Amino acid sequence: MELPEITILAGQMGAELVGRRISEVEVSNEKCLNMPLGRFQEVVVGKEVTSVVPRGKWVFIGLEPGYALLFNTGMGADVIHFDAGDDLPEKYQIRVALDDGSGFTVRVWWFCYLHLVPTDRLSEHRMTAGMGLSPLDEGFTLEHFRGLLAGRRGGIKSFLMNQRNVAGIGNVYIQDILFGAGLHPLRKIDTLSEEEVGALYGSMRGILTESIGMGGLAYERDFYGRSGGYGREQYKVAYKEGLPCPVCGAVIEKIRTGSTTSFICPSCQRLE
Ligand SMILES: [Zn+2]
């Protein structure tokens with residue numbers, strides 16, 4: 001899940017959870033916790049959910065008094081709401097029940113993190129404390145983005161995917177974000193013109209906003225089990241190797257860029 005899916009999920013979780021008390025927590029994959037299960041249950045059960053907020057690829061669930069549950073779906077997960085009396089999914093690793101009998105289950109594809117942190121010690125949570133702003137955060141202005149890039153020399157793709165710089169972009173949306181700005185993934189940051197930085201900023205926010213409007217990625221499911229609407233037809237170059245570029249018609253290529261795979265139009269996204 002990237003920023004759009006996390007934003008949608010957090011919004012839906014907030015609508016169902018805020019104001020309710022946690023009555024029960026079941027976790028069968030204890031490795032996702034940052035403490036023994038017994039201790040985790042002791043703290044969480046009885047607490048009221050006060051907020052659910054997206055933070056990059058994380059969902060922050062505020063618990064009163066004094067705690068936050070930090071949830072990251074790793075390579076992906078089905079996080080599904082249930083009402084009192086509903087049948088639960090056949091397989092799940094986490095179940096959180098609320099005081100009215102509703103709740104949610106989590107079926108993790110590979111791994112996930114469910115970390116319980118006292119609110120006054122959030123700055124000590126190493127996986128999230130250094131995270132940058134997300135492109136749709138209020139403070140993420142063009143000036144903020146220019147400031148992040150100033151003095152940097154590496155490749156633009158790895159920079160954007162580093163959660164310490166920009167939170168919430170992964171290897172799906174990055175493809176069309178770079179294409180939209182006409183940038184090759186390996187372009188060095190210090191070679192970008194003002195216009196290119198402006199185009200990249202607009203492309204980033206445009207694509208993420210468009211996907212949120214369509215319910216997120218088609219292969220991810222929301223809190224109610226519905227698939228998103230942002231799929232292959234919306235992709236510009238992502239996962240479309242061998243097909244024509246929607247702008248110039250050149251054949252889209254799939255290339256290795258360091259440890260990641262990239263999809264580019266060799267004509268619209270030149271390295272030189
Ligand atoms: Zn092209």
# chains A, B, ... in the order shown; residues from 1 in each chain; ligands from 1
call {"tool": "residues_near_ligand", "arguments": {"ligand": "ligand 1", "cutoff": "12 Å", "atoms": "only C-alpha atoms and all ligand atoms", "output": "ChimeraX atom specification"}}
result
/A:176,178-184,236-237,243-253,263-270
call {"tool": "closest_atom_pairs", "arguments": {"of": "range 112-147 of chain A", "to": "range 196-220 of chain A", "cutoff": "12 Å", "atoms": "only C-alpha atoms", "output": "Markdown table"}}
result
| residue | atom | partner | partner_atom | distance |
| --- | --- | --- | --- | --- |
| A:Ser134 | CA | A:Arg205 | CA | 9.6 |
| A:Pro135 | CA | A:Arg205 | CA | 6.1 |
| A:Leu136 | CA | A:Arg205 | CA | 6.4 |
| A:Asp137 | CA | A:Arg205 | CA | 9.9 |
| A:Glu138 | CA | A:Arg205 | CA | 11.6 |
| A:Phe140 | CA | A:Tyr201 | CA | 9.5 |
| A:Thr141 | CA | A:Tyr201 | CA | 8.7 |
| A:Leu142 | CA | A:Tyr201 | CA | 6.7 |
| A:Glu143 | CA | A:Gly198 | CA | 9.8 |
| A:His144 | CA | A:Tyr201 | CA | 10.3 |
| A:Phe145 | CA | A:Tyr201 | CA | 7.4 |
| A:Arg146 | CA | A:Val197 | CA | 7.3 |
| A:Gly147 | CA | A:Val197 | CA | 10.9 |
call {"tool": "select_by_dssp", "arguments": {"residues": "range 168-216 of chain A", "states": "alpha helix (DSSP H)", "output": "MDAnalysis selection string"}}
result
chainID A and resid 173:180 194:213
call {"tool": "write_last_selection", "arguments": {"atoms": "N, CA and C atoms", "output": "tab-separated table (two decimals), in the first residue's frame"}}
result
chain	number	residue	atom	x	y	z
A	173	TYR	N	3.39	3.85	-7.90
A	173	TYR	CA	3.09	5.22	-8.34
A	173	TYR	C	4.31	5.96	-8.88
A	174	ILE	N	5.51	5.60	-8.38
A	174	ILE	CA	6.71	6.33	-8.81
A	174	ILE	C	6.87	6.28	-10.33
A	175	GLN	N	6.43	5.18	-10.95
A	175	GLN	CA	6.63	5.02	-12.39
A	175	GLN	C	5.93	6.13	-13.17
A	176	ASP	N	4.65	6.32	-12.88
A	176	ASP	CA	3.88	7.32	-13.62
A	176	ASP	C	4.18	8.74	-13.14
A	177	ILE	N	4.62	8.86	-11.89
A	177	ILE	CA	5.02	10.19	-11.40
A	177	ILE	C	6.22	10.70	-12.20
A	178	LEU	N	7.22	9.85	-12.39
A	178	LEU	CA	8.41	10.25	-13.15
A	178	LEU	C	8.06	10.47	-14.63
A	179	PHE	N	7.24	9.59	-15.17
A	179	PHE	CA	6.82	9.74	-16.56
A	179	PHE	C	6.09	11.07	-16.75
A	180	GLY	N	5.19	11.38	-15.82
A	180	GLY	CA	4.41	12.62	-15.91
A	180	GLY	C	5.29	13.86	-15.93
A	194	GLU	N	14.64	24.10	-12.72
A	194	GLU	CA	13.51	24.58	-11.92
A	194	GLU	C	12.19	24.07	-12.48
A	195	GLU	N	12.08	24.11	-13.82
A	195	GLU	CA	10.85	23.66	-14.47
A	195	GLU	C	10.62	22.17	-14.21
A	196	GLU	N	11.69	21.39	-14.27
A	196	GLU	CA	11.55	19.96	-14.04
A	196	GLU	C	11.13	19.66	-12.59
A	197	VAL	N	11.68	20.41	-11.66
A	197	VAL	CA	11.29	20.22	-10.26
A	197	VAL	C	9.81	20.58	-10.08
A	198	GLY	N	9.39	21.66	-10.72
A	198	GLY	CA	7.99	22.07	-10.65
A	198	GLY	C	7.08	21.01	-11.27
A	199	ALA	N	7.51	20.46	-12.41
A	199	ALA	CA	6.71	19.43	-13.08
A	199	ALA	C	6.61	18.17	-12.22
A	200	LEU	N	7.70	17.84	-11.57
A	200	LEU	CA	7.72	16.65	-10.72
A	200	LEU	C	6.79	16.83	-9.52
A	201	TYR	N	6.83	17.99	-8.93
A	201	TYR	CA	5.95	18.30	-7.79
A	201	TYR	C	4.48	18.17	-8.21
A	202	GLY	N	4.16	18.73	-9.36
A	202	GLY	CA	2.78	18.66	-9.86
A	202	GLY	C	2.36	17.24	-10.20
A	203	SER	N	3.27	16.48	-10.80
A	203	SER	CA	2.98	15.12	-11.20
A	203	SER	C	2.73	14.23	-9.99
A	204	MET	N	3.57	14.40	-8.97
A	204	MET	CA	3.46	13.63	-7.74
A	204	MET	C	2.08	13.84	-7.09
A	205	ARG	N	1.74	15.10	-6.92
A	205	ARG	CA	0.47	15.40	-6.25
A	205	ARG	C	-0.72	15.05	-7.13
A	206	GLY	N	-0.56	15.24	-8.43
A	206	GLY	CA	-1.66	14.94	-9.35
A	206	GLY	C	-2.00	13.46	-9.36
A	207	ILE	N	-0.99	12.62	-9.49
A	207	ILE	CA	-1.25	11.18	-9.59
A	207	ILE	C	-1.78	10.61	-8.28
A	208	LEU	N	-1.22	11.04	-7.17
A	208	LEU	CA	-1.68	10.53	-5.87
A	208	LEU	C	-3.13	10.97	-5.61
A	209	THR	N	-3.44	12.21	-5.95
A	209	THR	CA	-4.80	12.72	-5.74
A	209	THR	C	-5.79	12.00	-6.65
A	210	GLU	N	-5.38	11.78	-7.91
A	210	GLU	CA	-6.25	11.08	-8.86
A	210	GLU	C	-6.58	9.68	-8.35
A	211	SER	N	-5.57	8.99	-7.82
A	211	SER	CA	-5.80	7.62	-7.35
A	211	SER	C	-6.71	7.61	-6.11
A	212	ILE	N	-6.52	8.56	-5.22
A	212	ILE	CA	-7.40	8.62	-4.03
A	212	ILE	C	-8.85	8.80	-4.50
A	213	GLY	N	-9.03	9.67	-5.50
A	213	GLY	CA	-10.37	9.91	-6.03
A	213	GLY	C	-11.01	8.66	-6.62
call {"tool": "residues_around", "arguments": {"residues": "Glu24 in chain A", "least_positions_apart": "4", "cutoff": "9 Å", "atoms": "only C-alpha atoms", "output": "list in words"}}
result
Gln41, Val44, Val45, Gly46, Arg95, Val96, Ala97, Leu98 and Asp99 of chain A
call {"tool": "closest_residue", "arguments": {"among": "A:Leu69, A:Ile80, A:Met75, A:Leu148", "to": "Val117 in chain A", "atoms": "only C-alpha atoms"}}
result
A:Leu69
call {"tool": "closest_residue", "arguments": {"among": "A:Arg55, A:Lys157, A:His115, A:Lys47", "to": "Arg20 in chain A", "atoms": "only C-alpha atoms"}}
result
A:Lys47
call {"tool": "select_by_dssp", "arguments": {"residues": "range 46-261 of chain A", "states": "strand (DSSP E or B)", "output": "PyMOL selection string"}}
result
chain A and resi 48-55+58-64+67-72+77-82+94-98+103-108+113-118+155+188+217+221+227+230+244+251+253-257+260-261
call {"tool": "closest_atom_pairs", "arguments": {"of": "range 232-262 of chain A", "to": "range 158-170 of chain A", "cutoff": "10 Å", "atoms": "only C-alpha atoms", "output": "tab-separated table"}}
result
residue	atom	partner	partner_atom	distance
A:Thr257	CA	A:Ser158	CA	8.9
A:Gly258	CA	A:Ser158	CA	8.6
A:Ser259	CA	A:Ser158	CA	9.4
A:Thr260	CA	A:Ser158	CA	8.9
call {"tool": "residues_around", "arguments": {"residues": "range 122-125 of chain A", "least_positions_apart": "4", "cutoff": "12 Å", "atoms": "only C-alpha atoms", "output": "CSV table (one decimal) with all heavy atoms, in the first residue's frame"}}
result
chain,number,residue,atom,x,y,z
A,34,ASN,N,6.0,-5.1,18.9
A,34,ASN,CA,7.3,-4.6,19.4
A,34,ASN,C,7.4,-4.9,20.9
A,34,ASN,O,8.2,-4.3,21.6
A,34,ASN,CB,7.4,-3.1,19.2
A,34,ASN,CG,6.3,-2.3,19.8
A,34,ASN,OD1,5.2,-2.8,20.1
A,34,ASN,ND2,6.6,-1.0,20.1
A,60,PHE,N,-1.5,5.6,11.8
A,60,PHE,CA,-1.3,5.9,13.3
A,60,PHE,C,-2.7,5.9,13.9
A,60,PHE,O,-3.5,6.7,13.6
A,60,PHE,CB,-0.7,7.3,13.5
A,60,PHE,CG,0.8,7.3,13.3
A,60,PHE,CD1,1.5,6.4,12.5
A,60,PHE,CD2,1.6,8.3,14.0
A,60,PHE,CE1,2.9,6.4,12.3
A,60,PHE,CE2,3.0,8.3,13.8
A,60,PHE,CZ,3.6,7.4,13.0
A,62,GLY,N,-4.5,6.5,17.3
A,62,GLY,CA,-4.4,7.2,18.6
A,62,GLY,C,-5.3,6.5,19.7
A,62,GLY,O,-6.4,6.2,19.4
A,66,GLY,N,-2.9,8.0,26.3
A,66,GLY,CA,-1.5,8.0,26.2
A,66,GLY,C,-0.7,7.1,25.3
A,66,GLY,O,0.5,7.0,25.4
A,67,TYR,N,-1.4,6.4,24.3
A,67,TYR,CA,-0.7,5.5,23.5
A,67,TYR,C,-1.0,5.7,22.0
A,67,TYR,O,-2.1,6.3,21.7
A,67,TYR,CB,-0.9,4.1,23.8
A,67,TYR,CG,-0.1,3.6,25.0
A,67,TYR,CD1,-0.5,3.8,26.3
A,67,TYR,CD2,1.1,3.0,24.8
A,67,TYR,CE1,0.2,3.4,27.4
A,67,TYR,CE2,1.9,2.5,25.8
A,67,TYR,CZ,1.4,2.7,27.1
A,67,TYR,OH,2.2,2.3,28.2
A,68,ALA,N,-0.2,5.2,21.1
A,68,ALA,CA,-0.5,5.2,19.7
A,68,ALA,C,-0.1,3.8,19.2
A,68,ALA,O,0.9,3.2,19.6
A,68,ALA,CB,0.3,6.2,18.9
A,69,LEU,N,-1.0,3.3,18.3
A,69,LEU,CA,-0.7,2.0,17.6
A,69,LEU,C,-0.2,2.4,16.2
A,69,LEU,O,-0.9,3.0,15.5
A,69,LEU,CB,-2.0,1.2,17.5
A,69,LEU,CG,-2.3,0.1,18.4
A,69,LEU,CD1,-3.6,-0.6,18.0
A,69,LEU,CD2,-1.1,-0.9,18.4
A,70,LEU,N,1.0,2.0,15.9
A,70,LEU,CA,1.6,2.3,14.6
A,70,LEU,C,1.5,1.0,13.7
A,70,LEU,O,2.1,0.0,14.1
A,70,LEU,CB,3.0,2.8,14.7
A,70,LEU,CG,3.3,3.9,15.8
A,70,LEU,CD1,4.7,4.4,15.7
A,70,LEU,CD2,2.3,5.0,15.7
A,115,HIS,N,3.0,-1.7,16.1
A,115,HIS,CA,3.8,-1.3,17.3
A,115,HIS,C,3.1,-0.4,18.2
A,115,HIS,O,2.4,0.6,17.7
A,115,HIS,CB,5.1,-0.5,16.7
A,115,HIS,CG,6.1,-1.4,16.1
A,115,HIS,ND1,7.3,-1.0,15.6
A,115,HIS,CD2,6.1,-2.8,15.9
A,115,HIS,CE1,8.0,-2.0,15.1
A,115,HIS,NE2,7.3,-3.1,15.3
A,116,LEU,N,3.2,-0.7,19.5
A,116,LEU,CA,2.5,0.1,20.5
A,116,LEU,C,3.5,1.1,21.1
A,116,LEU,O,4.5,0.6,21.7
A,116,LEU,CB,1.9,-0.8,21.5
A,116,LEU,CG,1.1,-0.2,22.7
A,116,LEU,CD1,-0.1,0.6,22.1
A,116,LEU,CD2,0.6,-1.2,23.7
A,117,VAL,N,3.3,2.4,21.1
A,117,VAL,CA,4.2,3.3,21.5
A,117,VAL,C,3.5,4.4,22.4
A,117,VAL,O,2.5,4.9,22.0
A,117,VAL,CB,4.9,4.0,20.3
A,117,VAL,CG1,6.0,5.0,20.8
A,117,VAL,CG2,5.5,3.0,19.4
A,118,PRO,N,4.1,4.7,23.6
A,118,PRO,CA,3.5,5.8,24.4
A,118,PRO,C,3.6,7.1,23.6
A,118,PRO,O,4.6,7.3,22.9
A,118,PRO,CB,4.4,5.9,25.6
A,118,PRO,CG,5.1,4.6,25.7
A,118,PRO,CD,5.3,4.1,24.2
A,129,ALA,N,10.0,7.9,13.2
A,129,ALA,CA,10.4,9.3,13.7
A,129,ALA,C,11.1,10.1,12.7
A,129,ALA,O,10.9,11.3,12.6
A,129,ALA,CB,11.2,9.1,14.9
A,130,GLY,N,11.9,9.5,11.8
A,130,GLY,CA,12.6,10.3,10.8
A,130,GLY,C,11.9,10.5,9.5
A,130,GLY,O,12.5,11.0,8.5
A,131,MET,N,10.6,10.1,9.4
A,131,MET,CA,9.9,10.1,8.2
A,131,MET,C,9.7,11.5,7.7
A,131,MET,O,9.4,12.4,8.5
A,131,MET,CB,8.6,9.4,8.4
A,131,MET,CG,8.2,8.5,7.3
A,131,MET,SD,6.6,7.7,7.5
A,131,MET,CE,6.1,7.9,9.2
call {"tool": "atom_distance", "arguments": {"atom1": "CA of Trp58 in chain A", "atom2": "CA of Ile8 in chain A"}}
result
11.9 Å
call {"tool": "closest_residue", "arguments": {"among": "A:Asp222, A:Asp83, A:Glu272, A:Glu233", "to": "Leu186 in chain A", "atoms": "only C-alpha atoms"}}
result
A:Glu272
